[in-house]
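Data block for run31.pdb (PDB, C-alpha atoms):
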ATOM      1  CA  MET A  14      65.328 190.829 147.434
ATOM      2  CA  ASN A  15      66.418 194.458 147.705
ATOM      3  CA  VAL A  16      64.549 197.293 145.967
ATOM      4  CA  GLY A  17      66.822 200.283 145.415
ATOM      5  CA  ASP A  18      66.380 203.718 143.861
ATOM      6  CA  GLY A  19      64.554 203.831 140.531
ATOM      7  CA  ASN A  20      63.481 200.172 140.827
ATOM      8  CA  ALA A  21      67.008 198.769 140.856
ATOM      9  CA  ILE A  22      66.363 195.205 142.045
ATOM     10  CA  GLU A  23      68.848 192.724 143.483
ATOM     11  CA  VAL A  24      67.790 189.119 144.094
ATOM     12  CA  LYS A  25      70.045 186.759 146.069
ATOM     13  CA  GLY A  26      69.707 183.010 146.368
ATOM     14  CA  PRO A  27      71.646 179.781 146.809
ATOM     15  CA  ARG A  28      72.995 179.838 143.225
ATOM     16  CA  GLY A  29      74.117 183.488 143.211
ATOM     17  CA  SER A  30      72.679 186.969 142.828
ATOM     18  CA  LEU A  31      71.169 188.944 139.962
ATOM     19  CA  ALA A  32      70.661 192.696 139.627
ATOM     20  CA  ARG A  33      68.474 194.557 137.139
ATOM     21  CA  THR A  34      66.818 197.945 136.746
ATOM     22  CA  LEU A  35      63.102 197.579 136.057
ATOM     23  CA  PRO A  36      60.688 200.193 134.611
ATOM     24  CA  ALA A  37      60.371 203.144 137.013
ATOM     25  CA  SER A  38      56.604 203.488 136.501
ATOM     26  CA  MET A  39      55.970 200.121 138.209
ATOM     27  CA  SER A  40      55.699 200.025 141.982
ATOM     28  CA  ILE A  41      57.431 196.958 143.446
ATOM     29  CA  THR A  42      56.958 195.880 147.057
ATOM     30  CA  ALA A  43      58.245 192.842 148.919
ATOM     31  CA  ALA A  44      56.567 191.634 152.087
ATOM     32  CA  GLU A  45      56.062 188.278 153.819
ATOM     33  CA  GLY A  46      57.843 186.277 151.110
ATOM     34  CA  MET A  47      55.705 187.792 148.343
ATOM     35  CA  ILE A  48      56.699 190.283 145.649
ATOM     36  CA  GLN A  49      53.937 192.522 144.352
ATOM     37  CA  VAL A  50      54.087 194.603 141.179
ATOM     38  CA  ASP A  51      51.496 197.382 140.743
ATOM     39  CA  ARG A  52      50.903 199.606 137.729
ATOM     40  CA  PRO A  53      49.836 203.273 137.904
ATOM     41  CA  ASN A  54      46.908 202.945 135.447
ATOM     42  CA  ASP A  55      45.358 200.593 132.885
ATOM     43  CA  ASP A  56      46.878 202.080 129.721
ATOM     44  CA  ARG A  57      47.970 199.535 127.135
ATOM     45  CA  LYS A  58      51.672 200.370 127.621
ATOM     46  CA  GLN A  59      51.407 200.138 131.415
ATOM     47  CA  ARG A  60      49.669 196.748 131.188
ATOM     48  CA  ALA A  61      52.475 195.492 128.924
ATOM     49  CA  LEU A  62      55.182 196.834 131.274
ATOM     50  CA  HIS A  63      53.345 195.261 134.224
ATOM     51  CA  GLY A  64      53.498 191.791 132.670
ATOM     52  CA  LEU A  65      57.117 192.271 131.579
ATOM     53  CA  THR A  66      58.202 193.433 135.035
ATOM     54  CA  ARG A  67      56.390 190.573 136.763
ATOM     55  CA  GLN A  68      57.959 187.969 134.465
ATOM     56  CA  LEU A  69      61.470 189.452 134.753
ATOM     57  CA  LEU A  70      61.193 189.269 138.549
ATOM     58  CA  ALA A  71      59.861 185.697 138.390
ATOM     59  CA  ASN A  72      62.775 184.692 136.127
ATOM     60  CA  MET A  73      65.282 186.302 138.496
ATOM     61  CA  VAL A  74      63.850 184.426 141.495
ATOM     62  CA  THR A  75      63.741 181.115 139.586
ATOM     63  CA  GLY A  76      67.295 181.669 138.334
ATOM     64  CA  VAL A  77      68.872 182.215 141.733
ATOM     65  CA  THR A  78      66.981 179.268 143.267
ATOM     66  CA  ASP A  79      66.881 176.592 140.510
ATOM     67  CA  GLY A  80      68.778 178.019 137.524
ATOM     68  CA  PHE A  81      68.016 177.639 133.828
ATOM     69  CA  GLN A  82      69.173 175.083 131.306
ATOM     70  CA  LYS A  83      69.052 174.705 127.514
ATOM     71  CA  ARG A  84      69.984 171.446 125.803
ATOM     72  CA  LEU A  85      71.214 171.238 122.220
ATOM     73  CA  GLU A  86      71.795 168.248 119.923
ATOM     74  CA  ILE A  87      74.242 167.925 117.051
ATOM     75  CA  GLN A  88      73.332 165.701 114.106
ATOM     76  CA  GLY A  89      75.540 164.932 111.141
ATOM     77  CA  THR A  90      78.439 162.669 110.282
ATOM     78  CA  GLY A  91      81.662 164.080 111.737
ATOM     79  CA  TYR A  92      79.863 166.897 113.587
ATOM     80  CA  ARG A  93      80.938 167.079 117.223
ATOM     81  CA  ALA A  94      81.528 169.380 120.177
ATOM     82  CA  SER A  95      84.145 169.481 122.920
ATOM     83  CA  ILE A  96      85.439 171.801 125.626
ATOM     84  CA  GLN A  97      88.951 173.141 124.882
ATOM     85  CA  GLY A  98      90.509 175.529 127.386
ATOM     86  CA  GLY A  99      87.183 176.612 128.876
ATOM     87  CA  ALA A 100      85.631 177.395 125.481
ATOM     88  CA  LEU A 101      83.217 175.370 123.366
ATOM     89  CA  ASP A 102      84.931 173.933 120.284
ATOM     90  CA  LEU A 103      82.507 172.971 117.498
ATOM     91  CA  GLN A 104      83.465 170.832 114.502
ATOM     92  CA  LEU A 105      80.516 171.340 112.149
ATOM     93  CA  GLY A 106      81.848 170.684 108.663
ATOM     94  CA  PHE A 107      83.652 173.996 108.227
ATOM     95  CA  SER A 108      87.347 174.118 107.309
ATOM     96  CA  HIS A 109      88.180 175.341 110.819
ATOM     97  CA  PRO A 110      86.673 174.807 114.295
ATOM     98  CA  GLN A 111      84.110 177.294 115.603
ATOM     99  CA  VAL A 112      85.062 178.482 119.112
ATOM    100  CA  ILE A 113      82.450 180.007 121.438
ATOM    101  CA  ARG A 114      83.333 181.433 124.843
ATOM    102  CA  ALA A 115      80.611 181.632 127.474
ATOM    103  CA  PRO A 116      80.083 184.923 129.316
ATOM    104  CA  GLU A 117      80.395 185.220 133.089
ATOM    105  CA  GLY A 118      77.682 183.257 134.879
ATOM    106  CA  VAL A 119      76.956 180.831 132.017
ATOM    107  CA  ASP A 120      78.372 177.307 132.053
ATOM    108  CA  ILE A 121      78.646 175.134 128.939
ATOM    109  CA  GLN A 122      78.987 171.369 129.348
ATOM    110  CA  VAL A 123      79.444 168.620 126.756
ATOM    111  CA  PRO A 124      78.276 165.292 128.254
ATOM    112  CA  ASP A 125      79.025 163.535 124.948
ATOM    113  CA  PRO A 126      80.231 164.791 121.543
ATOM    114  CA  THR A 127      76.718 165.235 120.144
ATOM    115  CA  HIS A 128      75.023 166.966 123.085
ATOM    116  CA  ILE A 129      75.578 170.417 124.616
ATOM    117  CA  VAL A 130      74.114 171.722 127.891
ATOM    118  CA  VAL A 131      74.047 175.470 128.601
ATOM    119  CA  GLU A 132      73.334 176.378 132.253
ATOM    120  CA  GLY A 133      73.189 179.558 134.297
ATOM    121  CA  ILE A 134      71.123 181.750 136.581
ATOM    122  CA  ASP A 135      70.266 184.442 133.991
ATOM    123  CA  LYS A 136      67.561 183.158 131.629
ATOM    124  CA  GLU A 137      68.351 185.810 129.024
ATOM    125  CA  ALA A 138      72.074 184.973 128.904
ATOM    126  CA  VAL A 139      71.447 181.194 128.767
ATOM    127  CA  GLY A 140      68.986 181.583 125.891
ATOM    128  CA  GLN A 141      71.293 183.963 124.017
ATOM    129  CA  ILE A 142      74.313 181.636 124.174
ATOM    130  CA  ALA A 143      72.151 178.665 123.139
ATOM    131  CA  ALA A 144      70.892 180.696 120.151
ATOM    132  CA  VAL A 145      74.464 181.689 119.199
ATOM    133  CA  ILE A 146      75.560 178.037 119.278
ATOM    134  CA  ARG A 147      72.563 176.971 117.173
ATOM    135  CA  ALA A 148      73.153 179.798 114.673
ATOM    136  CA  VAL A 149      76.625 178.450 113.809
ATOM    137  CA  ARG A 150      75.002 175.632 111.792
ATOM    138  CA  PRO A 151      71.178 175.487 112.070
ATOM    139  CA  ALA A 152      69.517 172.213 111.144
ATOM    140  CA  ASP A 153      69.314 171.787 107.360
ATOM    141  CA  PRO A 154      65.749 171.231 106.077
ATOM    142  CA  TYR A 155      66.920 168.749 103.402
ATOM    143  CA  LYS A 156      69.158 166.378 105.376
ATOM    144  CA  GLY A 157      68.505 167.446 108.984
ATOM    145  CA  LYS A 158      72.211 167.962 109.695
ATOM    146  CA  GLY A 159      73.261 170.701 112.098
ATOM    147  CA  VAL A 160      72.617 171.987 115.620
ATOM    148  CA  ARG A 161      69.108 171.963 117.062
ATOM    149  CA  TYR A 162      67.463 172.339 120.444
ATOM    150  CA  ALA A 163      66.722 169.038 122.193
ATOM    151  CA  GLY A 164      63.327 167.846 121.037
ATOM    152  CA  GLU A 165      63.114 170.395 118.195
ATOM    153  CA  TYR A 166      61.311 169.050 115.147
ATOM    154  CA  VAL A 167      62.898 169.914 111.793
ATOM    155  CA  ARG A 168      60.504 169.434 108.900
ATOM    156  CA  GLN A 169      62.217 167.619 106.038
ATOM    157  CA  LYS A 170      61.749 168.978 102.527
ATOM    158  CA  PRO A 171      61.771 166.691  99.511
ATOM    159  CA  GLY A 172      64.833 167.011  97.275
ATOM    160  CA  LYS A 173      64.834 167.772  93.547
ATOM    161  CA  THR A 174      64.735 164.147  92.465
ATOM    162  CA  ALA A 175      61.860 163.239  94.786
ATOM    163  CA  ALA A 176      59.831 166.225  93.555
ATOM    164  CA  GLY A 177      60.599 165.377  89.906
ATOM    165  CA  LEU A 178      59.438 161.774  90.276
ATOM    166  CA  ALA A 179      56.163 162.824  91.863
ATOM    167  CA  THR A 180      55.106 164.844  88.789
ATOM    168  CA  ALA A 181      56.292 162.387  86.132
TER     169      ALA A 181
END
Represent the structure from my file as structure tokens, please.
Amino acid sequence: MNVGDGNAIEVKGPRGSLARTLPASMSITAAEGMIQVDRPNDDRKQRALHGLTRQLLANMVTGVTDGFQKRLEIQGTGYRASIQGGALDLQLGFSHPQVIRAPEGVDIQVPDPTHIVVEGIDKEAVGQIAAVIRAVRPADPYKGKGVRYAGEYVRQKPGKTAAGLATA
């Protein structure tokens, strides 16, 4: 880890390197394999920046050592995903395919047509691309069709006919 001017941090590891400028009011020191973040006082804003800075550094270190991963599932008849020319090609019931290109440092894999894996060293970028993919067709609350995070629970709503029979 290198601490530059104005808290410009660079973290290098086996999976790559990340650089970020952190709040200047925080004092960051690295010694003996430990990174310490200190705040100037106990104001509410400084306490919030202290926690943010500490977590951003922790995410950078975890990213360059282990990496981050988000898994998505596609549910619905005829809904599928594939990789075409380095871009994610989604067939989600629209009249045309939805194409999503991953930014530098983020890798999208499709192990089978109904599962998508987004990997990278930057937690923010991985989460953003996963959210963009999910936003193309979020899971429908009536039928459950669409894109969802792996393990995400989608509460099913009753349809019109089911609600009408309950009151009659």
**Asked** When the PyMOL selection byres ((chain A and resi 93-106) around 10) is applied to the file above, which residues end up in the set, as a PyMOL selection string?
**Response** chain A and resi 86-92+107-115+120-129+146+149-150+158-160
**Prompt:** Near segment 166-169 of chain A, within 7 Å and counting all atoms listed in the file, which residues show up once chain neighbours fewer than 6 positions away are dropped, as a PyMOL selection string?
**Reply:** chain A and resi 154-155+157
**Request:** Please indicate the distance in Å from atom CA of Ala148 of chain A to atom CA of Val130 of chain A, rounded to one decimal place.
**Result:**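 That distance, rounded to one decimal, is 15.5 Å.
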**Request:** State, in Å with one decimal place, the distance from atom CA of Lys25 of chain A to atom CA of Ile134 of chain A.
**Result:**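 Atom CA of Ile134 of chain A lies at a distance of 10.8 Å from atom CA of Lys25 of chain A.
Separating atom CA of Gln82 of chain A from atom CA of Glu132 of chain A is a distance of 4.5 Å.
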Fewer than 5 positions away in the same chain doesn't count, so skip those; otherwise give me all residues within 7 Å of segment 62-73 of chain A, counting all atoms listed in the file, as an mmCIF file with C-alpha atoms, in the frame of the given file.
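Produced file part-v6.cif, reproduced below:
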data_model
loop_
_atom_site.group_PDB
_atom_site.id
_atom_site.type_symbol
_atom_site.label_atom_id
_atom_site.label_comp_id
_atom_site.auth_asym_id
_atom_site.auth_seq_id
_atom_site.Cartn_x
_atom_site.Cartn_y
_atom_site.Cartn_z
ATOM 1 C CA VAL A 24 67.790 189.119 144.094
ATOM 2 C CA LEU A 31 71.169 188.944 139.962
ATOM 3 C CA LEU A 35 63.102 197.579 136.057
ATOM 4 C CA MET A 39 55.970 200.121 138.209
ATOM 5 C CA VAL A 50 54.087 194.603 141.179
ATOM 6 C CA ARG A 52 50.903 199.606 137.729
ATOM 7 C CA ASP A 135 70.266 184.442 133.991
ATOM 8 C CA LYS A 136 67.561 183.158 131.629
#
Can you give me, as a short mmCIF file (atom, residue, chain, number, x, y, z; two decimals) with C-alpha atoms, in the coordinates of the input, the residues this file yields under the PyMOL selection byres ((chain A and resi 27) around 12)?
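Output (result_1.cif):
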data_model
loop_
_atom_site.label_atom_id
_atom_site.label_comp_id
_atom_site.auth_asym_id
_atom_site.auth_seq_id
_atom_site.Cartn_x
_atom_site.Cartn_y
_atom_site.Cartn_z
CA VAL A 24 67.79 189.12 144.09
CA LYS A 25 70.04 186.76 146.07
CA GLY A 26 69.71 183.01 146.37
CA ARG A 28 73.00 179.84 143.22
CA GLY A 29 74.12 183.49 143.21
CA SER A 30 72.68 186.97 142.83
CA LEU A 31 71.17 188.94 139.96
CA VAL A 74 63.85 184.43 141.50
CA THR A 75 63.74 181.12 139.59
CA GLY A 76 67.30 181.67 138.33
CA VAL A 77 68.87 182.22 141.73
CA THR A 78 66.98 179.27 143.27
CA ASP A 79 66.88 176.59 140.51
CA GLY A 80 68.78 178.02 137.52
CA ILE A 134 71.12 181.75 136.58
#
